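Coordinates as given in work30.tsv (TSV, C-alpha atoms):
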chain	number	residue	atom	x	y	z
A	288	MET	CA	48.91	178.45	90.13
A	289	LYS	CA	52.16	176.54	90.69
A	290	LEU	CA	53.16	174.22	87.87
A	291	SER	CA	55.71	171.44	88.04
A	292	ASN	CA	59.28	172.43	88.86
A	293	ARG	CA	60.51	170.34	85.94
A	294	LEU	CA	59.09	172.99	83.59
A	295	ASP	CA	61.50	175.59	84.95
A	296	SER	CA	64.39	174.26	82.89
A	297	ILE	CA	62.61	173.72	79.57
A	298	GLU	CA	60.59	175.74	77.08
A	299	ALA	CA	58.31	174.96	74.18
A	300	SER	CA	59.86	173.87	70.89
A	301	GLN	CA	61.70	176.86	69.44
A	302	THR	CA	61.50	175.66	65.84
A	303	PHE	CA	57.72	175.54	66.06
A	304	SER	CA	57.69	179.14	67.32
A	305	ILE	CA	59.17	180.12	63.96
A	306	ALA	CA	56.50	178.06	62.20
A	307	ASN	CA	53.78	179.87	64.16
A	308	ARG	CA	55.21	183.25	63.17
A	309	LEU	CA	55.32	182.22	59.50
A	310	LEU	CA	51.69	181.12	59.71
A	311	GLN	CA	50.76	184.51	61.15
A	312	LEU	CA	52.63	186.35	58.39
A	313	LYS	CA	50.94	184.19	55.75
A	314	LYS	CA	47.51	185.06	57.18
A	315	GLU	CA	48.49	188.72	56.91
A	316	GLY	CA	49.04	188.25	53.18
A	317	TYR	CA	52.84	187.99	52.99
A	318	SER	CA	54.64	185.58	50.66
A	319	VAL	CA	56.41	183.35	53.17
A	320	ILE	CA	58.99	180.63	52.54
A	321	ALA	CA	59.38	178.00	55.26
A	322	MET	CA	62.84	176.47	55.52
A	323	ASN	CA	62.64	175.82	59.24
A	324	LEU	CA	60.74	172.63	60.05
A	325	GLY	CA	62.27	169.18	59.85
A	326	GLU	CA	60.24	167.83	56.97
A	327	ALA	CA	60.26	167.82	53.19
A	328	SER	CA	57.54	169.61	51.23
A	329	ILE	CA	56.51	166.46	49.38
A	330	ASP	CA	53.48	164.25	49.88
A	331	THR	CA	53.52	160.74	51.25
A	332	PRO	CA	53.86	158.34	48.28
A	333	ILE	CA	50.46	157.28	47.02
A	334	ASN	CA	50.91	153.55	47.67
A	335	ILE	CA	51.69	154.26	51.33
A	336	ALA	CA	48.79	156.70	51.75
A	337	SER	CA	46.50	154.17	50.04
A	338	ALA	CA	47.52	151.53	52.58
A	339	GLY	CA	46.34	153.85	55.34
A	340	ILE	CA	43.06	154.52	53.55
A	341	GLU	CA	42.55	150.80	52.99
A	342	ALA	CA	43.13	150.18	56.69
A	343	ILE	CA	40.30	152.58	57.49
A	344	HIS	CA	37.95	150.91	55.02
A	345	ASP	CA	38.86	147.49	56.40
A	346	GLY	CA	38.01	148.59	59.92
A	347	HIS	CA	41.54	148.61	61.35
A	348	THR	CA	40.69	151.54	63.61
A	349	ARG	CA	40.87	149.95	67.04
A	350	TYR	CA	43.66	149.49	69.55
A	351	THR	CA	46.61	147.40	68.47
A	352	PRO	CA	49.13	145.75	70.81
A	353	ILE	CA	50.93	148.48	72.75
A	354	GLY	CA	54.28	147.77	71.10
A	355	GLY	CA	52.94	147.63	67.53
A	356	THR	CA	51.33	145.06	65.27
A	357	SER	CA	53.09	141.77	64.64
A	358	ARG	CA	53.25	142.42	60.87
A	359	LEU	CA	54.83	145.86	61.31
A	360	LYS	CA	57.39	144.46	63.74
A	361	LYS	CA	58.23	141.80	61.17
A	362	ALA	CA	58.71	144.51	58.51
A	363	ILE	CA	61.05	146.38	60.88
A	364	ILE	CA	63.03	143.20	61.61
A	365	ASN	CA	63.38	142.59	57.87
A	366	LYS	CA	64.54	146.19	57.39
A	367	PHE	CA	67.35	145.75	59.93
A	368	GLN	CA	68.34	142.42	58.35
A	369	ARG	CA	68.31	143.93	54.86
A	370	ASP	CA	70.09	147.19	55.63
A	371	GLN	CA	72.45	146.41	58.52
A	372	ASN	CA	72.62	142.60	58.44
A	373	THR	CA	71.43	142.70	62.05
A	374	THR	CA	68.92	140.25	63.49
A	375	PHE	CA	66.27	141.16	66.07
A	376	GLU	CA	63.37	139.30	67.65
A	377	LYS	CA	59.91	140.82	67.96
A	378	SER	CA	60.47	141.15	71.71
A	379	GLU	CA	63.37	143.52	70.88
A	380	ILE	CA	61.24	145.94	68.83
A	381	LEU	CA	58.93	148.70	70.09
A	382	VAL	CA	56.82	150.85	67.75
A	383	SER	CA	55.92	154.31	69.05
A	384	SER	CA	54.23	157.53	68.00
A	385	GLY	CA	57.28	158.92	66.23
A	386	SER	CA	61.00	158.59	66.92
A	387	LYS	CA	60.72	161.41	69.46
A	388	GLN	CA	58.57	159.18	71.65
A	389	SER	CA	60.96	156.29	71.07
A	390	ILE	CA	63.82	158.42	72.42
A	391	SER	CA	61.71	159.69	75.30
A	392	ASN	CA	60.74	156.13	76.22
A	393	ALA	CA	64.41	155.14	76.30
A	394	LEU	CA	65.38	158.10	78.46
A	395	MET	CA	62.53	157.45	80.91
A	396	ALA	CA	63.39	153.76	81.09
A	397	LEU	CA	67.14	154.22	81.66
A	398	LEU	CA	67.73	157.46	83.58
A	399	ASN	CA	67.71	158.05	87.29
A	400	SER	CA	67.83	161.51	88.82
A	401	GLY	CA	71.16	163.19	88.10
A	402	ASP	CA	72.39	160.66	85.54
A	403	GLU	CA	74.47	162.36	82.88
A	404	VAL	CA	73.75	162.13	79.16
A	405	ILE	CA	76.49	163.13	76.70
A	406	ILE	CA	75.09	165.08	73.75
A	407	PRO	CA	77.47	166.14	70.96
A	408	ALA	CA	76.75	169.63	69.61
A	409	PRO	CA	75.37	170.58	67.16
A	410	TYR	CA	72.44	168.47	68.33
A	411	TRP	CA	68.79	168.00	67.49
A	412	SER	CA	67.26	170.74	69.61
A	413	PRO	CA	64.87	168.62	71.76
A	414	TYR	CA	67.58	166.34	73.18
A	415	PRO	CA	68.60	168.42	76.23
A	416	SER	CA	65.03	169.15	77.30
A	417	MET	CA	64.02	165.53	76.85
A	418	VAL	CA	66.91	164.48	79.10
A	419	LYS	CA	65.88	167.02	81.74
A	420	LEU	CA	62.25	165.85	81.67
A	421	ALA	CA	63.49	162.33	82.37
A	422	GLY	CA	65.48	163.59	85.38
A	423	GLY	CA	68.88	163.47	83.70
A	424	ALA	CA	71.61	166.07	83.25
A	425	PRO	CA	72.68	166.95	79.69
A	426	VAL	CA	76.45	167.17	79.15
A	427	ILE	CA	77.09	169.08	75.94
A	428	VAL	CA	80.30	168.31	74.03
A	429	GLN	CA	81.04	171.01	71.47
A	430	SER	CA	82.37	170.38	68.00
A	431	SER	CA	82.89	172.69	65.04
A	432	VAL	CA	83.40	172.78	61.31
A	433	GLU	CA	87.12	172.22	61.97
A	434	ASN	CA	86.42	168.65	63.13
A	435	ASP	CA	83.48	168.12	60.75
A	436	PHE	CA	80.93	168.68	63.54
A	437	LYS	CA	81.64	165.24	65.04
A	438	ILE	CA	82.52	164.06	68.51
A	439	THR	CA	85.95	162.46	68.71
A	440	PRO	CA	86.91	159.52	70.94
A	441	GLU	CA	89.16	161.88	72.92
A	442	LYS	CA	86.34	164.37	73.57
A	443	LEU	CA	83.98	161.53	74.45
A	444	GLU	CA	86.39	160.09	76.99
A	445	GLU	CA	86.93	163.52	78.55
A	446	ALA	CA	83.18	163.86	79.05
A	447	ILE	CA	82.58	160.46	80.65
A	448	THR	CA	82.29	160.47	84.44
A	449	PRO	CA	81.03	157.91	86.98
A	450	LYS	CA	77.61	159.60	86.57
A	451	THR	CA	77.46	159.08	82.80
A	452	LYS	CA	74.58	156.85	81.75
A	453	LEU	CA	74.07	157.57	78.06
A	454	LEU	CA	75.58	158.90	74.87
A	455	ILE	CA	73.23	160.17	72.16
A	456	ILE	CA	74.65	159.97	68.65
A	457	ASN	CA	72.64	161.22	65.67
A	458	ASN	CA	73.90	159.87	62.35
A	459	PRO	CA	73.51	161.45	59.82
A	460	ASN	CA	73.25	164.53	61.95
A	461	ASN	CA	70.48	167.09	62.22
A	462	PRO	CA	71.31	170.01	61.80
A	463	THR	CA	74.67	169.59	60.02
A	464	GLY	CA	73.93	166.80	57.55
A	465	VAL	CA	77.30	165.14	58.26
A	466	MET	CA	77.70	161.37	58.63
A	467	TYR	CA	80.11	159.34	60.73
A	468	SER	CA	82.35	156.96	58.80
A	469	GLU	CA	82.81	153.31	59.70
A	470	LYS	CA	86.29	154.10	61.06
A	471	GLU	CA	85.00	156.96	63.23
A	472	LEU	CA	82.24	154.82	64.72
A	473	ILE	CA	84.64	151.96	65.46
A	474	ALA	CA	86.89	154.41	67.34
A	475	ILE	CA	83.92	155.67	69.38
A	476	GLY	CA	82.96	152.06	70.09
A	477	GLU	CA	86.46	151.25	71.33
A	478	THR	CA	86.17	154.11	73.82
A	479	LEU	CA	82.75	152.93	74.99
A	480	LYS	CA	84.10	149.42	75.63
A	481	LYS	CA	86.16	150.88	78.48
A	482	TYR	CA	82.98	152.07	80.23
A	483	PRO	CA	80.49	149.18	80.40
A	484	TYR	CA	77.97	151.30	82.33
A	485	VAL	CA	77.42	153.74	79.44
A	486	TYR	CA	74.49	153.10	77.10
A	487	VAL	CA	74.00	154.60	73.64
A	488	ILE	CA	70.98	155.98	71.81
A	489	SER	CA	71.76	155.72	68.11
A	490	ASP	CA	69.33	158.06	66.34
A	491	ASP	CA	69.36	156.95	62.69
A	492	VAL	CA	66.22	158.63	61.36
A	493	TYR	CA	68.04	160.18	58.35
A	494	GLU	CA	69.78	156.92	57.47
A	495	LYS	CA	68.16	156.67	54.04
A	496	LEU	CA	68.66	160.29	52.98
A	497	ILE	CA	72.32	160.10	51.95
A	498	TRP	CA	74.10	161.06	48.75
A	499	SER	CA	77.67	160.78	50.02
A	500	GLU	CA	79.82	158.11	48.40
A	501	GLN	CA	80.34	156.70	51.89
A	502	THR	CA	78.30	153.71	52.99
A	503	PHE	CA	76.03	154.28	55.97
A	504	TYR	CA	77.00	152.50	59.18
A	505	ASN	CA	75.50	152.77	62.61
A	506	LEU	CA	77.20	151.94	65.88
A	507	LEU	CA	75.53	148.55	66.19
A	508	SER	CA	76.62	147.41	62.73
A	509	VAL	CA	80.32	148.15	63.43
A	510	CYS	CA	80.38	147.24	67.13
A	511	PRO	CA	78.05	144.24	67.52
A	512	ASP	CA	79.66	143.38	70.86
A	513	LEU	CA	78.04	146.55	72.28
A	514	ARG	CA	74.59	145.30	71.28
A	515	GLY	CA	73.30	145.00	74.85
A	516	ARG	CA	73.93	148.72	75.42
A	517	ILE	CA	72.71	150.25	72.13
A	518	ILE	CA	69.16	151.49	71.54
A	519	THR	CA	68.74	152.02	67.79
A	520	ILE	CA	66.06	154.56	66.88
A	521	ASN	CA	64.50	155.00	63.45
A	522	SER	CA	61.24	156.01	61.79
A	523	VAL	CA	59.43	156.33	58.48
A	524	SER	CA	58.93	160.07	58.92
A	525	LYS	CA	61.90	161.39	56.93
A	526	SER	CA	62.63	158.45	54.64
A	527	HIS	CA	59.06	158.08	53.35
A	528	ALA	CA	57.67	161.63	53.80
A	529	MET	CA	55.42	160.52	56.66
A	530	THR	CA	56.07	163.11	59.38
A	531	GLY	CA	52.38	163.54	60.22
A	532	TRP	CA	51.72	159.80	60.42
A	533	ARG	CA	53.84	159.64	63.60
A	534	ILE	CA	55.48	156.23	63.49
A	535	GLY	CA	58.91	155.59	64.95
A	536	TYR	CA	60.52	152.49	66.35
A	537	ALA	CA	63.29	151.27	68.63
A	538	ALA	CA	65.40	148.11	68.56
A	539	ALA	CA	67.36	147.06	71.64
A	540	ASP	CA	68.01	144.35	74.19
A	541	GLU	CA	64.75	142.78	75.37
A	542	ARG	CA	65.20	144.12	78.92
A	543	ILE	CA	65.51	147.68	77.66
A	544	ILE	CA	62.56	147.29	75.31
A	545	ASP	CA	60.49	145.90	78.19
A	546	GLY	CA	61.26	149.02	80.25
A	547	MET	CA	60.37	151.28	77.31
A	548	TYR	CA	57.19	149.25	76.77
A	549	ARG	CA	56.13	149.85	80.37
A	550	VAL	CA	56.67	153.59	79.97
A	551	GLN	CA	54.66	153.67	76.74
A	552	SER	CA	51.87	151.56	78.23
A	553	GLN	CA	51.25	154.29	80.82
A	554	THR	CA	51.58	157.28	78.49
A	555	THR	CA	50.26	156.92	74.95
A	556	SER	CA	49.61	153.17	74.74
A	557	CYS	CA	49.67	151.89	71.15
A	558	PRO	CA	50.60	154.05	68.14
A	559	CYS	CA	47.89	154.98	65.63
A	560	ALA	CA	46.56	151.78	64.08
A	561	ILE	CA	46.01	153.33	60.64
A	562	SER	CA	49.53	154.75	60.57
A	563	GLN	CA	50.97	151.35	61.40
A	564	TYR	CA	49.41	149.84	58.28
A	565	ALA	CA	50.84	152.68	56.18
A	566	ALA	CA	54.27	152.26	57.81
A	567	ARG	CA	54.24	148.56	57.04
A	568	GLU	CA	53.68	149.36	53.37
A	569	ALA	CA	56.50	151.92	53.52
A	570	LEU	CA	58.98	149.34	54.77
A	571	GLU	CA	57.80	146.50	52.53
A	572	CYS	CA	57.41	148.34	49.21
A	573	ASP	CA	60.01	149.06	46.53
A	574	GLN	CA	62.49	151.48	48.12
A	575	GLN	CA	63.19	153.18	44.78
A	576	ILE	CA	60.86	155.95	45.96
A	577	ILE	CA	63.53	157.01	48.47
A	578	GLU	CA	66.28	157.12	45.87
A	579	GLU	CA	64.22	159.52	43.75
A	580	GLN	CA	63.80	161.84	46.74
A	581	VAL	CA	67.49	161.75	47.53
A	582	LEU	CA	68.45	162.81	44.01
A	583	GLN	CA	66.19	165.83	44.36
A	584	PHE	CA	67.59	166.69	47.78
A	585	GLN	CA	71.14	166.46	46.44
A	586	GLU	CA	70.27	168.85	43.60
A	587	HIS	CA	68.80	171.34	46.08
A	588	HIS	CA	71.79	170.93	48.38
A	589	ASN	CA	74.17	171.78	45.55
A	590	LEU	CA	72.10	174.82	44.62
A	591	VAL	CA	72.26	176.19	48.18
A	592	MET	CA	75.98	175.42	48.46
A	593	GLN	CA	76.61	177.34	45.23
A	594	ARG	CA	74.55	180.35	46.34
A	595	LEU	CA	76.06	180.52	49.81
A	596	GLY	CA	79.52	180.29	48.28
A	597	GLN	CA	78.87	183.61	46.55
A	598	ILE	CA	78.43	185.43	49.87
A	599	GLU	CA	81.58	186.72	51.53
A	600	GLY	CA	81.84	185.82	55.21
A	601	ILE	CA	79.87	182.58	55.12
A	602	GLN	CA	81.69	179.30	55.73
A	603	THR	CA	79.77	176.28	54.50
A	604	MET	CA	80.57	172.62	54.81
A	605	PRO	CA	78.74	170.28	52.41
A	606	SER	CA	76.28	167.80	53.84
A	607	ASP	CA	76.55	164.05	53.38
A	608	GLY	CA	72.79	163.67	53.59
A	609	THR	CA	69.57	164.70	55.42
A	610	PHE	CA	67.94	167.77	53.90
A	611	TYR	CA	69.81	170.42	55.89
A	612	ILE	CA	72.85	172.60	55.48
A	613	PHE	CA	74.46	174.38	58.43
A	614	PRO	CA	76.50	177.40	57.33
A	615	CYS	CA	78.68	179.33	59.78
A	616	ILE	CA	77.89	183.06	59.76
A	617	LYS	CA	80.04	184.19	62.70
A	618	ASP	CA	82.31	186.36	60.54
A	619	LEU	CA	79.38	187.77	58.58
A	620	LEU	CA	77.18	188.87	61.48
A	621	PRO	CA	79.13	191.96	62.66
A	622	LYS	CA	79.64	193.11	59.06
A	623	ILE	CA	75.88	193.27	58.45
A	624	GLY	CA	74.91	194.67	61.84
A	625	PHE	CA	73.72	191.67	63.84
A	626	LYS	CA	74.91	190.59	67.26
A	627	SER	CA	73.70	187.00	67.09
A	628	ASP	CA	72.39	184.29	64.82
A	629	GLU	CA	68.99	184.64	66.52
A	630	ALA	CA	68.82	188.35	65.62
A	631	PHE	CA	69.74	187.55	62.02
A	632	CYS	CA	67.05	184.87	61.81
A	633	ARG	CA	64.47	187.28	63.23
A	634	PHE	CA	65.42	189.71	60.46
A	635	LEU	CA	65.00	187.01	57.82
A	636	LEU	CA	61.63	186.11	59.32
A	637	ASP	CA	60.12	189.54	59.91
A	638	ASP	CA	61.64	191.46	56.99
A	639	LEU	CA	62.20	188.84	54.29
A	640	HIS	CA	59.50	186.39	55.44
A	641	VAL	CA	61.92	183.47	55.17
A	642	GLY	CA	62.07	180.98	58.03
A	643	VAL	CA	65.41	179.43	58.94
A	644	VAL	CA	66.57	178.26	62.37
A	645	PRO	CA	69.35	179.83	64.48
A	646	GLY	CA	72.28	177.57	65.22
A	647	SER	CA	71.99	178.49	68.88
A	648	PHE	CA	68.84	176.34	69.03
A	649	PHE	CA	71.11	173.39	68.23
A	650	GLY	CA	73.86	174.32	70.68
A	651	SER	CA	76.04	176.03	68.05
A	652	PRO	CA	75.66	179.84	68.02
A	653	GLY	CA	76.87	181.63	64.92
A	654	HIS	CA	75.26	179.19	62.48
A	655	ILE	CA	71.91	178.80	60.77
A	656	ARG	CA	70.08	175.67	59.68
A	657	ILE	CA	68.52	175.75	56.22
A	658	ASN	CA	66.04	173.06	55.16
A	659	PHE	CA	66.37	172.85	51.38
A	660	ALA	CA	63.74	170.12	50.88
A	661	ILE	CA	61.21	172.58	49.48
A	662	GLU	CA	59.92	173.27	45.98
A	663	LYS	CA	62.81	174.41	43.77
A	664	LYS	CA	61.19	177.67	42.70
A	665	GLN	CA	60.64	178.64	46.33
A	666	LEU	CA	64.16	177.59	47.24
A	667	THR	CA	65.60	179.82	44.53
A	668	GLU	CA	63.40	182.72	45.63
A	669	ALA	CA	64.48	182.27	49.25
A	670	MET	CA	68.16	182.32	48.31
A	671	ASP	CA	67.55	185.42	46.15
A	672	ARG	CA	65.99	187.23	49.11
A	673	ILE	CA	68.74	186.21	51.53
A	674	GLN	CA	71.62	186.97	49.18
A	675	SER	CA	70.22	190.34	48.08
A	676	ALA	CA	69.58	191.45	51.66
A	677	ILE	CA	73.10	190.50	52.77
A	678	VAL	CA	74.72	192.20	49.77
A	679	ASP	CA	72.72	195.38	50.45
A	680	ARG	CA	73.70	195.44	54.12
A	681	LEU	CA	77.34	194.82	53.24
A	682	ALA	CA	77.20	197.74	50.79
A	683	ASP	CA	75.72	199.97	53.49
A	684	GLY	CA	78.68	199.17	55.71
Any chance you could give the structure as structure tokens?
Amino acid sequence: MKLSNRLDSIEASQTFSIANRLLQLKKEGYSVIAMNLGEASIDTPINIASAGIEAIHDGHTRYTPIGGTSRLKKAIINKFQRDQNTTFEKSEILVSSGSKQSISNALMALLNSGDEVIIPAPYWSPYPSMVKLAGGAPVIVQSSVENDFKITPEKLEEAITPKTKLLIINNPNNPTGVMYSEKELIAIGETLKKYPYVYVISDDVYEKLIWSEQTFYNLLSVCPDLRGRIITINSVSKSHAMTGWRIGYAAADERIIDGMYRVQSQTTSCPCAISQYAAREALECDQQIIEEQVLQFQEHHNLVMQRLGQIEGIQTMPSDGTFYIFPCIKDLLPKIGFKSDEAFCRFLLDDLHVGVVPGSFFGSPGHIRINFAIEKKQLTEAMDRIQSAIVDRLADG
């Protein structure tokens, strides 16, 4: 059997391979701690879940308009007005089955074969494969802890060629948790103004999960004159603990949204009707529920920072938000007998039964991504296991 050639350059999600291994270990009776998937171990708030249940009881179980219900689009428009002071029309909004589909729709609608997409590293691991599936060519621009894991205007300009079609910017960033400042985004926008053929996907899904004293800005809010070229992506998955409900959305120029709509109409059609009613409640209800989550995430972040700081050879930069931390372990690896971050993560998985993700999955070898949005007792136990194992290996030479 000969499958599609496009599969030659991609593989299945690597983070989910870790999840599958943890599930296997759990079935074998081991005490596993999952710090690998991109979700918090908290339940969807009851008022939001109840809205979904009510939708079922009220018979809202049929197809909706492909681009989302009118009421949900209105809630999304109000969200942008409230949070970014940005106005959209319903024709400029598309609701999809998660932000991943929103991004995929944009890539399919914009890219032609060979078009280049600039992706700053560290990056959310699916980006390069999604670009390839859409016929594009990922152009990875490396950054490091020395420049706060952010792309600079100089590096961006170096990467732009006549073939460049898109820049993907994820703010706050998964896996690093860092956030671009208003000044940094304005500088990136000034560079983009020189290249009117370059579009931008602004992936803002962690926008609400911030404890930094900085105010959140996205590219559209600081560079409104680039509006016709910016596709803003968001969702309720992270902000409202709704990963399994699968609702994301995009806001962009009507022509771009129309292209994305046509792609979606021939792939998944409308998002889940029940989930749309729950998402509407998420966006319309008192947002205090998010603030309570963020306080917990900040506490867990500080705990992990403190524990990692006790381990010689680990360089850790604090996160501004999200629920990740991305320590550098390059100096530590040879001291404890590992040749790569992937080998170290396999050790944590198979020997300690703790799941974290290698930085190489995010385009930054020599790091690991830790999701600290788990129950505090488990988080403490995981850090105990990791710290003890490293100390023992250091002692053994």
*Which residues, written as a PyMOL selection string, have at least one atom at most 7 Å from Ala569 of chain A, with only C-alpha atoms counted and residues fewer than 3 positions away on the same chain left out?*
chain A and resi 335+527+565-566+572
Save the residues we just selected, C-alpha atoms, as an mmCIF file, keeping the file's coordinate frame?
data_model
loop_
_atom_site.group_PDB
_atom_site.id
_atom_site.type_symbol
_atom_site.label_atom_id
_atom_site.label_comp_id
_atom_site.auth_asym_id
_atom_site.auth_seq_id
_atom_site.Cartn_x
_atom_site.Cartn_y
_atom_site.Cartn_z
ATOM 1 C CA ILE A 335 51.690 154.260 51.330
ATOM 2 C CA HIS A 527 59.060 158.080 53.350
ATOM 3 C CA ALA A 565 50.840 152.680 56.180
ATOM 4 C CA ALA A 566 54.270 152.260 57.810
ATOM 5 C CA CYS A 572 57.410 148.340 49.210
#
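Nearest-residue note for Asp370 of chain A: choosing from A:Asp402, A:Asp618, A:Glu444, A:Glu494, the minimum distance belongs to A:Glu494, counting only C-alpha atoms.
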_Rounded to one decimal, what separation in Å do you get between atom CA of Ile405 of chain A and atom CA of Ile447 of chain A?_
7.7 Å
Pull the closest atom pair for each residue of segment 342-448 of chain A that gets at most 8 Å from segment 535-545 of chain A, along with the distance in Å to one decimal, counting all atoms listed in the file, ordering rows by chain and then ascending residue number, as JSON lines.
{"residue": "A:Phe375", "atom": "CA", "partner": "A:Ala538", "partner_atom": "CA", "distance": 7.4}
{"residue": "A:Ser378", "atom": "CA", "partner": "A:Glu541", "partner_atom": "CA", "distance": 5.9}
{"residue": "A:Glu379", "atom": "CA", "partner": "A:Glu541", "partner_atom": "CA", "distance": 4.8}
{"residue": "A:Ile380", "atom": "CA", "partner": "A:Ala538", "partner_atom": "CA", "distance": 4.7}
{"residue": "A:Leu381", "atom": "CA", "partner": "A:Ala537", "partner_atom": "CA", "distance": 5.3}
{"residue": "A:Val382", "atom": "CA", "partner": "A:Tyr536", "partner_atom": "CA", "distance": 4.3}
{"residue": "A:Ser383", "atom": "CA", "partner": "A:Gly535", "partner_atom": "CA", "distance": 5.2}
{"residue": "A:Ser384", "atom": "CA", "partner": "A:Gly535", "partner_atom": "CA", "distance": 5.9}
{"residue": "A:Gly385", "atom": "CA", "partner": "A:Gly535", "partner_atom": "CA", "distance": 3.9}
{"residue": "A:Ser386", "atom": "CA", "partner": "A:Gly535", "partner_atom": "CA", "distance": 4.2}
{"residue": "A:Lys387", "atom": "CA", "partner": "A:Gly535", "partner_atom": "CA", "distance": 7.6}
{"residue": "A:Gln388", "atom": "CA", "partner": "A:Gly535", "partner_atom": "CA", "distance": 7.6}
{"residue": "A:Ser389", "atom": "CA", "partner": "A:Ala537", "partner_atom": "CA", "distance": 6.0}
{"residue": "A:Ala393", "atom": "CA", "partner": "A:Ile543", "partner_atom": "CA", "distance": 7.7}
{"residue": "A:Ala396", "atom": "CA", "partner": "A:Ile543", "partner_atom": "CA", "distance": 7.3}
{"residue": "A:Leu397", "atom": "CA", "partner": "A:Ile543", "partner_atom": "CA", "distance": 7.8}
*Figure out the distance between atom CA of Gly423 of chain A and atom CA of Arg293 of chain A, please, to one decimal in Å.*
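It comes out at 11.1 Å.
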*Within 9 Å of (70.0, 171.5, 60.4), in the coordinates the file gives, what residues turn up when you count only C-alpha atoms, written out as a list of chain:residue names?*
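Residues with an atom close enough to that point: A:Asn323, A:Gly325, A:Pro409, A:Tyr410, A:Trp411, A:Asn460, A:Asn461, A:Pro462, A:Thr463, A:Gly464, A:Thr609, A:Phe610, A:Tyr611, A:Ile612, A:Phe613, A:Val644, A:Gly646, A:Phe649, A:Ile655, A:Arg656, A:Ile657, A:Asn658.
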Pull C-alpha atoms from the residues just selected and write them as a PDB file, in the coordinates of the input.
ATOM      1  CA  ASN A 323      62.640 175.820  59.240  1.00  0.00           C
ATOM      2  CA  GLY A 325      62.270 169.180  59.850  1.00  0.00           C
ATOM      3  CA  PRO A 409      75.370 170.580  67.160  1.00  0.00           C
ATOM      4  CA  TYR A 410      72.440 168.470  68.330  1.00  0.00           C
ATOM      5  CA  TRP A 411      68.790 168.000  67.490  1.00  0.00           C
ATOM      6  CA  ASN A 460      73.250 164.530  61.950  1.00  0.00           C
ATOM      7  CA  ASN A 461      70.480 167.090  62.220  1.00  0.00           C
ATOM      8  CA  PRO A 462      71.310 170.010  61.800  1.00  0.00           C
ATOM      9  CA  THR A 463      74.670 169.590  60.020  1.00  0.00           C
ATOM     10  CA  GLY A 464      73.930 166.800  57.550  1.00  0.00           C
ATOM     11  CA  THR A 609      69.570 164.700  55.420  1.00  0.00           C
ATOM     12  CA  PHE A 610      67.940 167.770  53.900  1.00  0.00           C
ATOM     13  CA  TYR A 611      69.810 170.420  55.890  1.00  0.00           C
ATOM     14  CA  ILE A 612      72.850 172.600  55.480  1.00  0.00           C
ATOM     15  CA  PHE A 613      74.460 174.380  58.430  1.00  0.00           C
ATOM     16  CA  VAL A 644      66.570 178.260  62.370  1.00  0.00           C
ATOM     17  CA  GLY A 646      72.280 177.570  65.220  1.00  0.00           C
ATOM     18  CA  PHE A 649      71.110 173.390  68.230  1.00  0.00           C
ATOM     19  CA  ILE A 655      71.910 178.800  60.770  1.00  0.00           C
ATOM     20  CA  ARG A 656      70.080 175.670  59.680  1.00  0.00           C
ATOM     21  CA  ILE A 657      68.520 175.750  56.220  1.00  0.00           C
ATOM     22  CA  ASN A 658      66.040 173.060  55.160  1.00  0.00           C
TER      23      ASN A 658
END
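Proximity ranking of A:Ser552, A:Ser647, A:Asn292, A:Ser562 relative to Ile343 of chain A places A:Ser562 first, based on all atoms listed in the file.
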*Suppose you want the space between atom CA of Ser508 of chain A and atom CA of Val492 of chain A; what is it in Å?*
15.4 Å
_With distances taken over all atoms listed in the file, which residue among A:Glu599, A:Gly608, A:Met592, A:Ser412 lies nearest Ala299 of chain A?_
A:Ser412
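Compared by their closest atoms to Ala474 of chain A, and using all atoms listed in the file, the residues A:Ile677, A:Ala560, A:Leu443, A:Met288 rank with A:Leu443 nearest.
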Enumerate, as a PDB file with C-alpha atoms, in the coordinates of the input, the protein, DNA and RNA residues whose atoms approach (75.0, 152.2, 59.8) to within 8 Å, taking into account all atoms listed in the file and the coordinate frame of the file.
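Dumped everything to selection-v2.pdb:
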ATOM      1  CA  GLN A 371      72.450 146.410  58.520  1.00  0.00           C
ATOM      2  CA  GLU A 469      82.810 153.310  59.700  1.00  0.00           C
ATOM      3  CA  ASP A 491      69.360 156.950  62.690  1.00  0.00           C
ATOM      4  CA  GLU A 494      69.780 156.920  57.470  1.00  0.00           C
ATOM      5  CA  THR A 502      78.300 153.710  52.990  1.00  0.00           C
ATOM      6  CA  PHE A 503      76.030 154.280  55.970  1.00  0.00           C
ATOM      7  CA  TYR A 504      77.000 152.500  59.180  1.00  0.00           C
ATOM      8  CA  ASN A 505      75.500 152.770  62.610  1.00  0.00           C
ATOM      9  CA  LEU A 506      77.200 151.940  65.880  1.00  0.00           C
ATOM     10  CA  LEU A 507      75.530 148.550  66.190  1.00  0.00           C
ATOM     11  CA  SER A 508      76.620 147.410  62.730  1.00  0.00           C
ATOM     12  CA  VAL A 509      80.320 148.150  63.430  1.00  0.00           C
TER      13      VAL A 509
END
*Any idea what's packed within 10 Å of Ile297 of chain A, counting all atoms listed in the file, ignoring anything in its chain fewer than 4 positions away? Could you give it as an MDAnalysis selection string?*
chainID A and resid 292:293 413 415:417 419:420
